[in-house]
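Okay, query.txt now, which holds compact mmCIF, C-alpha atoms:
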```
# COMPACT_ATOMS: atom_id res chain seq x y z
CA MET T 1 0.00 0.00 0.00
CA ARG T 2 1.31 3.40 -0.97
CA SER T 3 1.97 5.84 1.88
CA ASP T 4 1.37 9.59 1.62
CA ARG T 5 4.17 10.28 4.12
CA ALA T 6 7.49 11.53 2.78
CA PRO T 7 10.55 9.29 3.18
CA LEU T 8 12.56 9.74 6.37
CA TRP T 9 15.60 11.11 4.54
CA LEU T 10 13.46 13.73 2.82
CA ARG T 11 11.93 14.86 6.12
CA ILE T 12 15.40 15.10 7.68
CA ALA T 13 16.63 17.13 4.71
CA ALA T 14 13.64 19.46 4.95
CA GLY T 15 14.21 19.93 8.68
CA GLY T 16 17.90 20.65 8.08
CA GLY T 17 17.02 23.23 5.43
CA LEU T 18 14.55 24.97 7.74
CA LEU T 19 17.10 24.97 10.56
CA PHE T 20 19.74 26.45 8.25
CA LEU T 21 17.35 29.23 7.20
CA HIS T 22 15.92 30.15 10.58
CA LEU T 23 18.63 29.45 13.17
CA PRO T 24 20.32 32.87 12.63
CA ILE T 25 16.96 34.56 13.21
CA LEU T 26 16.43 32.61 16.41
CA LEU T 27 19.89 33.67 17.60
CA ILE T 28 18.89 37.32 17.12
CA PHE T 29 15.90 36.72 19.37
CA VAL T 30 18.07 35.07 22.03
CA TYR T 31 20.73 37.81 22.02
CA ALA T 32 18.04 40.47 22.43
CA PHE T 33 17.73 39.18 26.02
CA THR T 34 21.43 38.73 26.86
CA THR T 35 23.04 40.57 29.77
CA GLU T 36 26.32 41.02 27.85
CA GLU T 37 26.56 44.45 26.21
CA ARG T 38 29.32 44.22 23.59
CA THR T 39 30.27 40.60 22.88
CA TYR T 40 28.37 37.49 21.86
CA GLN T 41 28.81 34.41 24.05
CA TRP T 42 27.17 31.03 23.79
CA PRO T 43 25.38 30.22 25.87
CA PRO T 44 24.48 33.76 26.95
CA PRO T 45 25.79 34.56 30.44
CA GLY T 46 22.32 35.66 31.54
CA LEU T 47 18.94 36.89 30.38
CA THR T 48 17.34 40.28 30.98
CA LEU T 49 14.62 42.59 29.68
CA HIS T 50 16.81 45.65 30.23
CA TRP T 51 17.52 46.21 26.52
CA PHE T 52 13.85 46.49 25.65
CA GLY T 53 13.57 49.47 27.97
CA ALA T 54 16.78 50.92 26.56
CA ALA T 55 15.44 50.61 23.00
CA TRP T 56 12.10 52.14 24.03
CA ASN T 57 13.84 55.24 25.40
CA ARG T 58 16.05 55.86 22.34
CA PRO T 59 14.58 58.79 20.33
CA ASP T 60 16.76 57.94 17.31
CA ILE T 61 15.06 54.55 17.05
CA TRP T 62 11.59 56.12 17.12
CA ALA T 63 12.58 58.66 14.46
CA ALA T 64 13.94 55.93 12.19
CA LEU T 65 10.87 53.74 12.81
CA GLY T 66 8.49 56.60 12.01
CA LEU T 67 10.32 57.35 8.77
CA SER T 68 10.25 53.69 7.71
CA VAL T 69 6.52 53.39 8.40
CA LYS T 70 5.70 56.57 6.47
CA VAL T 71 7.87 55.61 3.50
CA ALA T 72 6.43 52.09 3.38
CA SER T 73 2.84 53.33 3.66
CA ILE T 74 3.08 55.91 0.87
CA SER T 75 5.11 53.57 -1.36
CA THR T 76 2.43 50.91 -0.90
CA VAL T 77 -0.37 53.31 -1.88
CA ILE T 78 1.51 54.34 -5.03
CA ALA T 79 2.20 50.70 -5.83
CA LEU T 80 -1.45 49.73 -5.38
CA VAL T 81 -2.61 52.37 -7.84
CA LEU T 82 0.05 51.89 -10.52
CA GLY T 83 0.34 48.12 -10.11
CA THR T 84 -3.42 47.58 -10.40
CA LEU T 85 -3.71 49.79 -13.49
CA CYS T 86 -0.80 48.01 -15.18
CA ALA T 87 -2.23 44.61 -14.32
CA ALA T 88 -5.65 45.57 -15.69
CA ALA T 89 -4.15 46.83 -18.96
CA VAL T 90 -1.96 43.76 -19.48
CA SER T 91 -4.49 41.09 -18.49
CA ARG T 92 -7.75 42.49 -19.88
CA SER T 93 -6.64 43.72 -23.31
CA ARG T 94 -4.57 42.66 -26.32
CA PHE T 95 -2.16 45.11 -27.96
CA PHE T 96 1.21 45.17 -29.67
CA GLY T 97 4.11 45.12 -27.21
CA ARG T 98 2.05 43.83 -24.27
CA GLU T 99 4.66 41.26 -23.21
CA VAL T 100 7.42 43.87 -23.46
CA ILE T 101 5.51 46.16 -21.13
CA SER T 102 4.97 43.29 -18.69
CA LEU T 103 8.72 42.59 -18.73
CA LEU T 104 9.56 46.26 -18.13
CA VAL T 105 7.17 46.41 -15.17
CA ILE T 106 8.81 43.46 -13.38
CA LEU T 107 12.37 44.43 -14.33
CA PRO T 108 13.11 46.62 -11.24
CA ILE T 109 12.72 43.70 -8.87
CA ALA T 110 14.67 41.36 -11.16
CA LEU T 111 17.69 43.66 -11.30
CA PRO T 112 20.19 43.73 -8.41
CA GLY T 113 19.24 46.34 -5.85
CA ILE T 114 22.54 48.14 -6.24
CA ILE T 115 21.84 48.68 -9.97
CA THR T 116 18.44 50.16 -9.17
CA GLY T 117 19.96 52.34 -6.45
CA ILE T 118 22.74 53.68 -8.67
CA SER T 119 20.28 54.35 -11.50
CA LEU T 120 17.92 56.27 -9.24
CA ARG T 121 20.74 58.27 -7.68
CA SER T 122 22.06 59.20 -11.13
CA ALA T 123 18.59 60.21 -12.30
CA PHE T 124 17.96 62.37 -9.23
CA SER T 125 21.38 64.01 -9.60
CA LEU T 126 20.86 64.77 -13.31
CA ALA T 127 17.43 66.23 -12.58
CA GLU T 128 18.92 68.21 -9.66
CA ILE T 129 16.37 66.71 -7.27
CA PRO T 130 17.61 66.98 -3.66
CA PHE T 131 17.59 63.78 -1.65
CA SER T 132 14.66 63.78 0.72
CA PHE T 133 11.76 61.75 2.05
CA TRP T 134 10.20 61.71 -1.41
CA THR T 135 13.27 60.35 -3.17
CA ILE T 136 13.14 57.38 -0.78
CA VAL T 137 9.44 56.90 -1.55
CA LEU T 138 10.05 56.98 -5.31
CA GLY T 139 12.90 54.52 -4.96
CA HIS T 140 10.80 52.09 -2.96
CA ALA T 141 7.77 52.46 -5.22
CA THR T 142 9.78 51.15 -8.19
CA PHE T 143 9.93 47.64 -6.74
CA CYS T 144 6.72 47.76 -4.69
CA VAL T 145 4.76 48.21 -7.94
CA VAL T 146 6.09 44.85 -9.11
CA VAL T 147 4.76 43.02 -6.05
CA VAL T 148 1.27 44.46 -6.45
CA TYR T 149 1.37 43.92 -10.21
CA ASN T 150 2.24 40.22 -9.89
CA ASN T 151 -0.60 39.61 -7.43
CA ALA T 152 -3.14 41.66 -9.37
CA VAL T 153 -2.36 40.28 -12.83
CA ALA T 154 -2.63 36.70 -11.55
CA ARG T 155 -6.04 37.43 -10.05
CA PHE T 156 -7.26 39.34 -13.11
CA ARG T 157 -6.52 36.28 -15.23
CA ARG T 158 -8.65 34.17 -12.89
CA VAL T 159 -11.66 36.44 -13.22
CA SER T 160 -13.78 35.35 -16.16
CA GLY T 161 -14.57 37.96 -18.79
CA ASN T 162 -18.16 36.68 -18.68
CA LEU T 163 -18.69 38.62 -15.45
CA VAL T 164 -17.70 41.91 -17.04
CA GLU T 165 -19.81 41.24 -20.14
CA ALA T 166 -22.83 40.33 -18.00
CA SER T 167 -22.43 43.52 -15.99
CA MET T 168 -22.31 45.64 -19.13
CA ASP T 169 -25.33 43.80 -20.59
CA LEU T 170 -27.29 44.64 -17.45
CA GLY T 171 -26.61 48.36 -17.91
CA ALA T 172 -23.71 48.99 -15.57
CA ASN T 173 -21.15 51.59 -16.62
CA ALA T 174 -17.40 51.06 -16.38
CA PHE T 175 -17.10 52.47 -12.86
CA GLN T 176 -20.02 50.38 -11.55
CA THR T 177 -18.57 47.25 -13.15
CA PHE T 178 -15.23 47.88 -11.50
CA ARG T 179 -16.74 48.66 -8.11
CA PHE T 180 -19.31 45.87 -7.87
CA VAL T 181 -17.83 43.10 -10.04
CA ILE T 182 -14.08 43.41 -10.54
CA LEU T 183 -12.99 44.91 -7.21
CA PRO T 184 -14.67 42.27 -4.99
CA ASN T 185 -12.91 39.57 -7.00
CA ILE T 186 -9.43 41.13 -6.83
CA ALA T 187 -9.67 42.74 -3.38
CA THR T 188 -7.83 40.00 -1.49
CA ALA T 189 -5.07 39.94 -4.13
CA LEU T 190 -4.64 43.71 -3.81
CA LEU T 191 -4.59 43.48 -0.02
CA ALA T 192 -2.03 40.68 -0.15
CA GLY T 193 0.09 42.63 -2.65
CA GLY T 194 -0.11 45.72 -0.48
CA MET T 195 1.00 43.78 2.58
CA LEU T 196 3.96 42.29 0.75
CA ALA T 197 4.89 45.68 -0.69
CA PHE T 198 4.78 47.26 2.78
CA ALA T 199 7.00 44.51 4.22
CA LEU T 200 9.44 44.79 1.32
CA SER T 201 9.67 48.58 1.65
CA PHE T 202 9.95 48.52 5.44
CA ASP T 203 13.18 46.49 5.48
CA GLU T 204 14.79 47.77 2.27
CA VAL T 205 18.47 48.76 2.66
CA ILE T 206 20.30 48.94 -0.68
CA VAL T 207 18.00 51.27 -2.63
CA THR T 208 17.48 53.39 0.49
CA THR T 209 21.23 53.86 0.87
CA PHE T 210 21.40 55.51 -2.56
CA THR T 211 18.26 57.65 -2.25
CA ALA T 212 18.06 58.71 1.42
CA GLY T 213 20.75 61.35 1.67
CA GLN T 214 21.27 62.04 5.38
CA GLN T 215 18.01 60.45 6.52
CA GLN T 216 17.86 57.18 8.40
CA THR T 217 15.20 54.55 7.98
CA LEU T 218 15.17 51.78 10.55
CA PRO T 219 17.25 49.30 8.48
CA ILE T 220 19.84 52.03 7.78
CA TRP T 221 19.96 52.81 11.51
CA MET T 222 20.56 49.12 12.26
CA LEU T 223 23.34 48.91 9.66
CA GLU T 224 25.15 51.91 11.12
CA GLU T 225 24.75 50.55 14.65
CA LEU T 226 26.41 47.31 13.60
CA VAL T 227 29.34 49.22 12.11
CA ARG T 228 29.73 51.35 15.22
CA PRO T 229 28.29 49.18 18.02
CA ARG T 230 27.41 50.79 21.31
CA GLN T 231 24.77 48.50 22.75
CA ARG T 232 24.52 45.44 20.53
CA PRO T 233 21.52 43.90 22.30
CA VAL T 234 19.52 47.07 21.49
CA THR T 235 20.17 46.42 17.81
CA ASN T 236 18.98 42.85 18.30
CA VAL T 237 15.80 44.10 19.96
CA VAL T 238 15.12 46.36 16.98
CA ALA T 239 15.93 43.49 14.59
CA MET T 240 13.41 41.30 16.40
CA VAL T 241 10.76 44.00 15.99
CA VAL T 242 11.57 44.27 12.27
CA VAL T 243 11.22 40.50 11.87
CA ILE T 244 7.80 40.58 13.53
CA VAL T 245 6.62 43.64 11.58
CA THR T 246 7.61 42.10 8.23
CA PHE T 247 6.47 38.58 9.10
CA LEU T 248 2.89 39.51 9.94
CA PRO T 249 2.06 41.08 6.52
CA ILE T 250 3.68 38.12 4.75
CA LEU T 251 1.66 35.68 6.85
CA GLY T 252 -1.51 37.67 6.18
CA ALA T 253 -0.81 37.72 2.45
CA TYR T 254 -0.31 33.95 2.49
CA TYR T 255 -3.68 33.30 4.10
CA LEU T 256 -5.46 35.80 1.86
CA THR T 257 -4.22 34.20 -1.35
CA ARG T 258 -4.86 30.57 -0.37
CA GLY T 259 -7.50 28.79 -2.41
CA THR T 260 -7.60 31.36 -5.21
CA ASP T 261 -6.75 29.02 -8.07
CA THR T 262 -10.31 28.84 -9.40
CA VAL T 263 -11.65 31.18 -12.06
CA ALA T 264 -14.39 33.47 -10.75
CA GLY T 265 -17.47 33.39 -12.96
CA SER T 266 -16.37 30.34 -14.92
CA GLY T 267 -19.38 28.31 -13.93
CA LYS T 268 -22.97 28.69 -15.05
```
Representation of the structure as C-alpha cells:
Amino acid sequence: MRSDRAPLWLRIAAGGGLLFLHLPILLIFVYAFTTEERTYQWPPPGLTLHWFGAAWNRPDIWAALGLSVKVASISTVIALVLGTLCAAAVSRSRFFGREVISLLVILPIALPGIITGISLRSAFSLAEIPFSFWTIVLGHATFCVVVVYNNAVARFRRVSGNLVEASMDLGANAFQTFRFVILPNIATALLAGGMLAFALSFDEVIVTTFTAGQQQTLPIWMLEELVRPRQRPVTNVVAMVVVIVTFLPILGAYYLTRGTDTVAGSGK
C-alpha cells in the first residue's frame, strides 16, 4: 500500500534546510535578552529585559521607525494604484508590445538592488532633485509596484470575462462594473500585494542607501549601529521587531491568497 508520508531522509533534509534558514533569526531573538553588552557568548551569560527598555527610550530609534513606516505606507499606496492599473491593462486587453511592457514592469525587482539604487541616484542628480523623504518613496515604489502587479495580474486572469460582459449587458457603466464586479474579486489579491509591498519597503536597505541622503530609515539605523556598536543587544531588539513587523504582513498575504486558483465566474 502506498503511503502519503514523505521518506525519512526527505523529512530530515527538509528539517535541516529549515534549521539552516531560521537558526540565525532565532539567535537574534536570544541575544536580544542577553546581559552582555558588547560581545556574543554562547550560551548567553544571563537573560534580561533591560535592553527592551533601553530601546524604548532611544529617540533615534523612534525617528527611524516613524520614517520607515511613512515611507512604506506611501510607497504601498503608489504601488497599489500603478500596479493595479498596469495589471488591468496587461491582463484584460490585447495590444502590440504587451509582453514587453509586462517585462519592463517586473524588471526593477529582477535587477540587483545596487543597480536600481545607482540608476535612481544618477537620475535624481541629473534632474537636480535633492535627496529627501520623497526620493526614498520613489525609490521604494519602483519595486513595490512589481509586487502588487504580480498579485493583481494573476487574479485578473482568474476572473472570467463573462462577469464583465454580463455587468455591461445589465446596464452597468465602467465604474459600476469595477466597483461591484471586478474589485470584490481582486480585493484580497490587492490586499495581499499591499502587505507584501509594505514589508518589502519597510526592510529595504540597498536602494534606500542611494536615495536617502542624510536620513535614516530603521534598516539604515541598524546597519550603522552594527558598524559602530554601542549597545549590541539594542540592535537585536530592533531586529526582532523588524522580523515581527515584516512577518505579519507576509503571513496575512499567504492566508489571503490561499485557495484562489479557481476562475471566478467560470461556472454557469
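With atom CA of Tyr254 of chain T on one side and atom CA of Ile186 of chain T on the other, the separation reads 14.9 Å.
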Two-atom distance - atom CA of Phe210 of chain T, atom CA of Arg121 of chain T (Å):
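So the answer is 5.9 Å.
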Skip Gly117 of chain T itself and residues of its chain fewer than 5 positions away, then list as a tab-separated table (two decimals) with C-alpha atoms, keeping the file's coordinate frame all residues within 8 Å of it, counting all atoms listed in the file.
```tsv
chain	number	residue	atom	x	y	z
T	139	GLY	CA	12.90	54.52	-4.96
T	206	ILE	CA	20.30	48.94	-0.68
T	207	VAL	CA	18.00	51.27	-2.63
T	208	THR	CA	17.48	53.39	0.49
T	209	THR	CA	21.23	53.86	0.87
T	210	PHE	CA	21.40	55.51	-2.56
T	211	THR	CA	18.26	57.65	-2.25
```
Counting only C-alpha atoms, which residues of segment 47-115 of chain T sit at most 9 Å from some atom of segment 193-200 of chain T, and what is each one's closest atom pair with its distance in Å to one decimal, listed by chain and rising residue number, as JSON lines?
```
{"residue": "T:Val69", "atom": "CA", "partner": "T:Phe198", "partner_atom": "CA", "distance": 8.5}
{"residue": "T:Val71", "atom": "CA", "partner": "T:Phe198", "partner_atom": "CA", "distance": 8.9}
{"residue": "T:Ala72", "atom": "CA", "partner": "T:Phe198", "partner_atom": "CA", "distance": 5.1}
{"residue": "T:Ser73", "atom": "CA", "partner": "T:Phe198", "partner_atom": "CA", "distance": 6.4}
{"residue": "T:Ser75", "atom": "CA", "partner": "T:Phe198", "partner_atom": "CA", "distance": 7.6}
{"residue": "T:Thr76", "atom": "CA", "partner": "T:Phe198", "partner_atom": "CA", "distance": 5.7}
{"residue": "T:Val77", "atom": "CA", "partner": "T:Gly194", "partner_atom": "CA", "distance": 7.7}
{"residue": "T:Ala79", "atom": "CA", "partner": "T:Gly194", "partner_atom": "CA", "distance": 7.7}
{"residue": "T:Leu80", "atom": "CA", "partner": "T:Gly194", "partner_atom": "CA", "distance": 6.5}
```
For each of T:Ile61, T:Ile78, T:Val205, T:Ile25, take the minimum atom-to-atom distance to Trp134 of chain T, counting all atoms listed in the file, then give the residue where this is smallest.
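Once distances to Trp134 of chain T are computed over all atoms listed in the file, the minimum belongs to T:Ile78.
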In Å to one decimal, how far is atom CA of Arg158 of chain T from atom CA of Arg98 of chain T?
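Atom CA of Arg158 of chain T lies at a distance of 18.4 Å from atom CA of Arg98 of chain T.
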Show me a table, sorted first by chain and then by increasing residue number, of the residues of segment 196-241 of chain T having an atom at most 8 Å from segment 52-60 of chain T, each with its shortest atom pair and the distance in Å to one decimal, counting all atoms listed in the file and written as JSON lines.
```
{"residue": "T:Val234", "atom": "CA", "partner": "T:Ala55", "partner_atom": "CA", "distance": 5.6}
{"residue": "T:Val237", "atom": "CA", "partner": "T:Phe52", "partner_atom": "CA", "distance": 6.5}
{"residue": "T:Val238", "atom": "CA", "partner": "T:Ala55", "partner_atom": "CA", "distance": 7.4}
```
When you look at Ala87 of chain T with a cut-off of 7 Å (counting all atoms listed in the file), what residues show up, excluding the ones that are within fewer than 5 positions of it in the same chain? I need them as a VMD selection string.
chain T and resid 149 152 to 153
Contacts of segment 214-216 of chain T at 12 Å or less, counting all atoms listed in the file, minus same-chain residues fewer than 5 places along, as a ChimeraX atom specification?
/T:60-69,71,130-136,204-205,208-209,221-225
Write out as a ChimeraX atom specification which residues come within 9 Å of Phe33 of chain T when counting all atoms listed in the file, dropping same-chain ones fewer than 5 positions away.
/T:44,46-52,233,236-237
Looking at only C-alpha atoms, which of T:Ile115, T:Val147, T:Lys70, T:Leu23 is the one that sits closest to Thr217 of chain T?
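Among the listed residues, the smallest separation from Thr217 of chain T belongs to T:Lys70.
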Could you check which of T:Arg157, T:Thr235, T:Ile28, T:Ser93 is closest to Ile220 of chain T, using only C-alpha atoms?
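Closest to Ile220 of chain T, using only C-alpha atoms: T:Thr235.
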Contact residues around Val81 of chain T with all atoms listed in the file at 9 Å, ignoring same-chain residues under 5 positions, as a list of chain:residue names
T:Thr76, T:Cys86, T:Val145, T:Val148
